[in-house]
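Data block below; observations after.
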Amino acid sequence: MLIVGNWKMFRGPDPAALVGLDAIVCPPFTRLRDCVDAGLTTYAQNVHWDKEGAYTGEISAPMLLELGVTGSLVGHSERRQYFGESDETVGLRVRGALAAGLQVVACVGETIEERRGGETENVLRRQLSVLEPHPNLVLAYEPVWAIGTGHTATPEVAQEAHAFIKSLLDAPVLYGGSVKPDNTEGLFAQPDVDGALVGGASLDVHSFTAICEAAARIPS
């Protein structure tokens with residue numbers, strides 16, 4: 001069971017408070033060094049596909065590796081929604097990061113309009129078409145309609161989506177839609193839910209710890 005805490009654009013809890021938990025943290029770039037120095041398994045929130053070049057505002061895999069960063073998120077729903085991330089650039093980032101030696105959590109998921117229109121499987125199939133199996137690749141299913149809205153996919157809905165994703169690409173799949181301490185056990189009990197990508201709840205050390213503890217109780 002893998003738990004990834006996406007600290008977004010916040011300082012987040014004291015990294016030292018999370019030492020000892022079987023978890024990955026994804027802080028802003030300004031806190032990467034702090035988390036690495038605290039002994040945490042640390043991922044960036046994004047990474048460019050080229051090793052070097054004139055890409056102002058981007059960060060390369062070699063830069064992250066030099067800091068001691070282990071991996072990166074790629075294709076987070078907020079990157080797709082607010083920064084024009086496309087399936088094609090997600091594929092480029094994933095391939096570039098993996099080739100450089102980073103581990104990757106690649107995010108996929110549908111909007112509320114797409115779900116209501118019966119397009120969930122088509123959207124997931126399109127998003128996954130740019131990816132290939134790799135031992136260092138993990139997927140995260142982010143139902144966009146359940147992120148920051150207070151809504152969470154039921155365990156059954158999550159299981160259905162995860163099973164479909166695994167039928168298309170052989171990789172572990174995390175659930176990433178408003179994960180909270182009070183809904184984790186039902187989600188983690190599903191056979192194709194391999195962990196969680198935690199957003200807002202990871203900003204509170206007690207909530208994040210409770211999620212990790214719930215994951216630890218699930219038989220391996």
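Just so we're on the same page: first chain in the structure tokens is A, next is B, and so on; residues restart at 1 for each chain, and ligands are numbered from 1 in the order they show up.
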### Message
If we count only C-alpha atoms and set the cut-off at 8 Å, which residues sit around stretch 60-77 of chain A, ignoring sequence neighbours fewer than 5 positions away in its own chain? Please answer as number ranges by chain.
### Response
A: 26, 32-33, 36, 41-52, 85-87, 90, 93-94, 96-97, 100-109, 142, 144
### Message
Give me, as a list in words, all polymer residues having an atom no more than 7 Å from stretch 192-195 of chain A, counting only C-alpha atoms and skipping those fewer than 5 positions away in the same chain.
### Response
Met1, Leu2, Ile3, Gln159, His162, Ala163, Pro172, Val173, Leu174, Tyr175 and Leu187 of chain A
Write out, as a CSV table (one decimal), in the first residue's frame, the residues just selected, with all heavy atoms.
chain,number,residue,atom,x,y,z
A,1,MET,N,0.9,-1.2,0.0
A,1,MET,CA,0.0,0.0,0.0
A,1,MET,C,0.9,1.2,0.0
A,1,MET,O,1.8,1.4,0.8
A,1,MET,CB,-0.9,0.0,1.2
A,1,MET,CG,-2.0,1.0,1.2
A,1,MET,SD,-3.3,0.7,0.0
A,1,MET,CE,-4.1,-0.8,0.6
A,2,LEU,N,0.7,2.1,-1.0
A,2,LEU,CA,1.5,3.3,-1.1
A,2,LEU,C,0.7,4.6,-0.9
A,2,LEU,O,-0.4,4.7,-1.4
A,2,LEU,CB,2.0,3.4,-2.6
A,2,LEU,CG,2.8,4.6,-3.0
A,2,LEU,CD1,4.1,4.7,-2.2
A,2,LEU,CD2,3.1,4.5,-4.5
A,3,ILE,N,1.2,5.4,0.0
A,3,ILE,CA,0.5,6.7,0.3
A,3,ILE,C,1.3,7.8,-0.2
A,3,ILE,O,2.5,8.0,0.3
A,3,ILE,CB,0.2,6.8,1.8
A,3,ILE,CG1,-0.6,5.6,2.3
A,3,ILE,CG2,-0.7,8.1,2.1
A,3,ILE,CD1,-1.9,5.3,1.6
A,159,GLN,N,-13.2,1.1,-7.4
A,159,GLN,CA,-12.8,-0.2,-7.8
A,159,GLN,C,-13.1,-0.4,-9.3
A,159,GLN,O,-12.2,-0.9,-10.0
A,159,GLN,CB,-13.5,-1.3,-7.0
A,159,GLN,CG,-13.4,-2.7,-7.5
A,159,GLN,CD,-12.0,-3.2,-7.6
A,159,GLN,OE1,-11.1,-2.7,-6.9
A,159,GLN,NE2,-11.8,-4.1,-8.5
A,162,HIS,N,-10.5,1.6,-11.2
A,162,HIS,CA,-9.1,1.1,-11.1
A,162,HIS,C,-9.0,-0.2,-11.9
A,162,HIS,O,-8.0,-0.5,-12.5
A,162,HIS,CB,-8.8,0.8,-9.6
A,162,HIS,CG,-8.5,2.0,-8.9
A,162,HIS,ND1,-7.4,2.1,-8.0
A,162,HIS,CD2,-9.0,3.3,-8.8
A,162,HIS,CE1,-7.3,3.3,-7.5
A,162,HIS,NE2,-8.3,4.0,-8.0
A,163,ALA,N,-10.0,-1.1,-11.9
A,163,ALA,CA,-10.0,-2.3,-12.6
A,163,ALA,C,-9.9,-2.0,-14.1
A,163,ALA,O,-9.1,-2.7,-14.8
A,163,ALA,CB,-11.2,-3.2,-12.3
A,172,PRO,N,0.5,-0.4,-10.7
A,172,PRO,CA,-0.3,-0.1,-9.5
A,172,PRO,C,-1.1,1.2,-9.7
A,172,PRO,O,-0.6,2.1,-10.4
A,172,PRO,CB,0.8,0.1,-8.4
A,172,PRO,CG,2.1,-0.5,-9.0
A,172,PRO,CD,2.0,-0.4,-10.5
A,173,VAL,N,-2.2,1.3,-9.1
A,173,VAL,CA,-3.1,2.4,-9.3
A,173,VAL,C,-3.5,3.0,-7.9
A,173,VAL,O,-4.1,2.2,-7.1
A,173,VAL,CB,-4.4,2.1,-10.1
A,173,VAL,CG1,-5.2,3.4,-10.3
A,173,VAL,CG2,-4.0,1.5,-11.4
A,174,LEU,N,-3.2,4.2,-7.6
A,174,LEU,CA,-3.6,4.9,-6.4
A,174,LEU,C,-4.9,5.6,-6.6
A,174,LEU,O,-5.3,6.0,-7.7
A,174,LEU,CB,-2.6,5.9,-6.0
A,174,LEU,CG,-1.1,5.5,-6.0
A,174,LEU,CD1,-0.2,6.7,-5.6
A,174,LEU,CD2,-0.9,4.3,-5.1
A,175,TYR,N,-5.7,5.8,-5.6
A,175,TYR,CA,-6.9,6.6,-5.6
A,175,TYR,C,-6.6,8.0,-5.2
A,175,TYR,O,-6.0,8.2,-4.1
A,175,TYR,CB,-8.1,6.0,-4.8
A,175,TYR,CG,-9.3,6.9,-4.8
A,175,TYR,CD1,-10.1,6.9,-5.9
A,175,TYR,CD2,-9.6,7.8,-3.8
A,175,TYR,CE1,-11.2,7.8,-6.0
A,175,TYR,CE2,-10.7,8.6,-3.8
A,175,TYR,CZ,-11.5,8.6,-4.9
A,175,TYR,OH,-12.5,9.5,-5.0
A,187,LEU,N,-12.0,2.4,0.8
A,187,LEU,CA,-11.3,2.5,-0.4
A,187,LEU,C,-10.2,1.5,-0.5
A,187,LEU,O,-10.0,0.7,-1.5
A,187,LEU,CB,-10.7,3.9,-0.6
A,187,LEU,CG,-11.8,5.0,-0.9
A,187,LEU,CD1,-11.1,6.4,-0.7
A,187,LEU,CD2,-12.3,4.8,-2.3
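With only C-alpha atoms as the basis for measurement, A:Gly5 is the residue among A:Pro155, A:Pro181, A:Gly118, A:Gly5 that approaches A:Pro28 most closely.
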### Task
Name the residues of stretch 127-200 of chain A that fall into strand (DSSP E) according to DSSP on the backbone, using the chain letters and numbers of this document, as an MDAnalysis selection string.
chainID A and resid 137:141 173:175 195:198
Keeping N, CA, C and O atoms, export the residues of the selection given above as a compact mmCIF listing (two decimals), in the first residue's frame.
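Printed below is out.txt as written:
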# COMPACT_ATOMS: atom_id res chain seq x y z
N LEU A 137 6.81 3.09 -12.82
CA LEU A 137 5.61 3.88 -13.09
C LEU A 137 4.45 3.42 -12.21
O LEU A 137 4.13 2.23 -12.16
N VAL A 138 3.84 4.37 -11.52
CA VAL A 138 2.61 4.16 -10.76
C VAL A 138 1.57 5.12 -11.32
O VAL A 138 1.91 6.25 -11.72
N LEU A 139 0.33 4.70 -11.38
CA LEU A 139 -0.76 5.55 -11.85
C LEU A 139 -1.59 6.04 -10.67
O LEU A 139 -1.64 5.40 -9.62
N ALA A 140 -2.22 7.19 -10.84
CA ALA A 140 -3.15 7.70 -9.83
C ALA A 140 -4.46 8.05 -10.53
O ALA A 140 -4.46 8.85 -11.47
N TYR A 141 -5.55 7.44 -10.09
CA TYR A 141 -6.87 7.78 -10.63
C TYR A 141 -7.44 8.94 -9.84
O TYR A 141 -7.71 8.84 -8.65
N VAL A 173 -2.24 1.27 -9.10
CA VAL A 173 -3.11 2.44 -9.25
C VAL A 173 -3.51 2.96 -7.88
O VAL A 173 -4.10 2.24 -7.07
N LEU A 174 -3.21 4.23 -7.63
CA LEU A 174 -3.62 4.91 -6.41
C LEU A 174 -4.94 5.62 -6.63
O LEU A 174 -5.26 6.03 -7.74
N TYR A 175 -5.72 5.80 -5.56
CA TYR A 175 -6.94 6.61 -5.65
C TYR A 175 -6.63 8.02 -5.17
O TYR A 175 -6.01 8.20 -4.12
N GLY A 195 -3.40 2.12 -3.06
CA GLY A 195 -2.93 3.20 -2.20
C GLY A 195 -3.67 4.47 -2.51
O GLY A 195 -4.74 4.45 -3.13
N ALA A 196 -3.10 5.60 -2.10
CA ALA A 196 -3.80 6.88 -2.24
C ALA A 196 -2.84 8.00 -2.58
O ALA A 196 -1.70 8.02 -2.13
N LEU A 197 -3.34 8.94 -3.38
CA LEU A 197 -2.70 10.23 -3.62
C LEU A 197 -3.50 11.24 -2.81
O LEU A 197 -4.64 11.55 -3.16
N VAL A 198 -2.93 11.72 -1.74
CA VAL A 198 -3.66 12.53 -0.77
C VAL A 198 -3.36 14.01 -1.00
O VAL A 198 -2.20 14.42 -1.02
#### Entry: Those of stretch 65-190 of chain A in DSSP alpha helix (DSSP H), formatted as JSON, numbers by chain
{"A": [65, 66, 67, 77, 78, 79, 80, 81, 82, 87, 88, 89, 90, 91, 92, 93, 94, 95, 96, 97, 98, 99, 100, 112, 113, 114, 115, 116, 120, 121, 122, 123, 124, 125, 126, 127, 128, 155, 156, 157, 158, 159, 160, 161, 162, 163, 164, 165, 166, 167, 168, 184, 185, 186, 187, 188]}
#### Entry: Non-local contacts of A:Thr120 (9 Å; only C-alpha atoms; under 4 positions in same chain excluded) as an NGL selection string
:A and (109-111 or 114-116 or 124-125 or 161)
### Task
Just give me the gap between atom CA of A:Arg217 and atom CA of A:Lys180 in Å, one decimal is fine.
15.5 Å
## Note on the structure
Of A:Ala38, A:Leu128, A:Ala215, A:Ala189, the one sitting nearest A:Val4 when using only C-alpha atoms is A:Ala215
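Considering only C-alpha atoms, the residue among A:Leu168, A:Leu40, A:Val179, A:Leu98 positioned nearest to A:Ser129 is A:Leu168.
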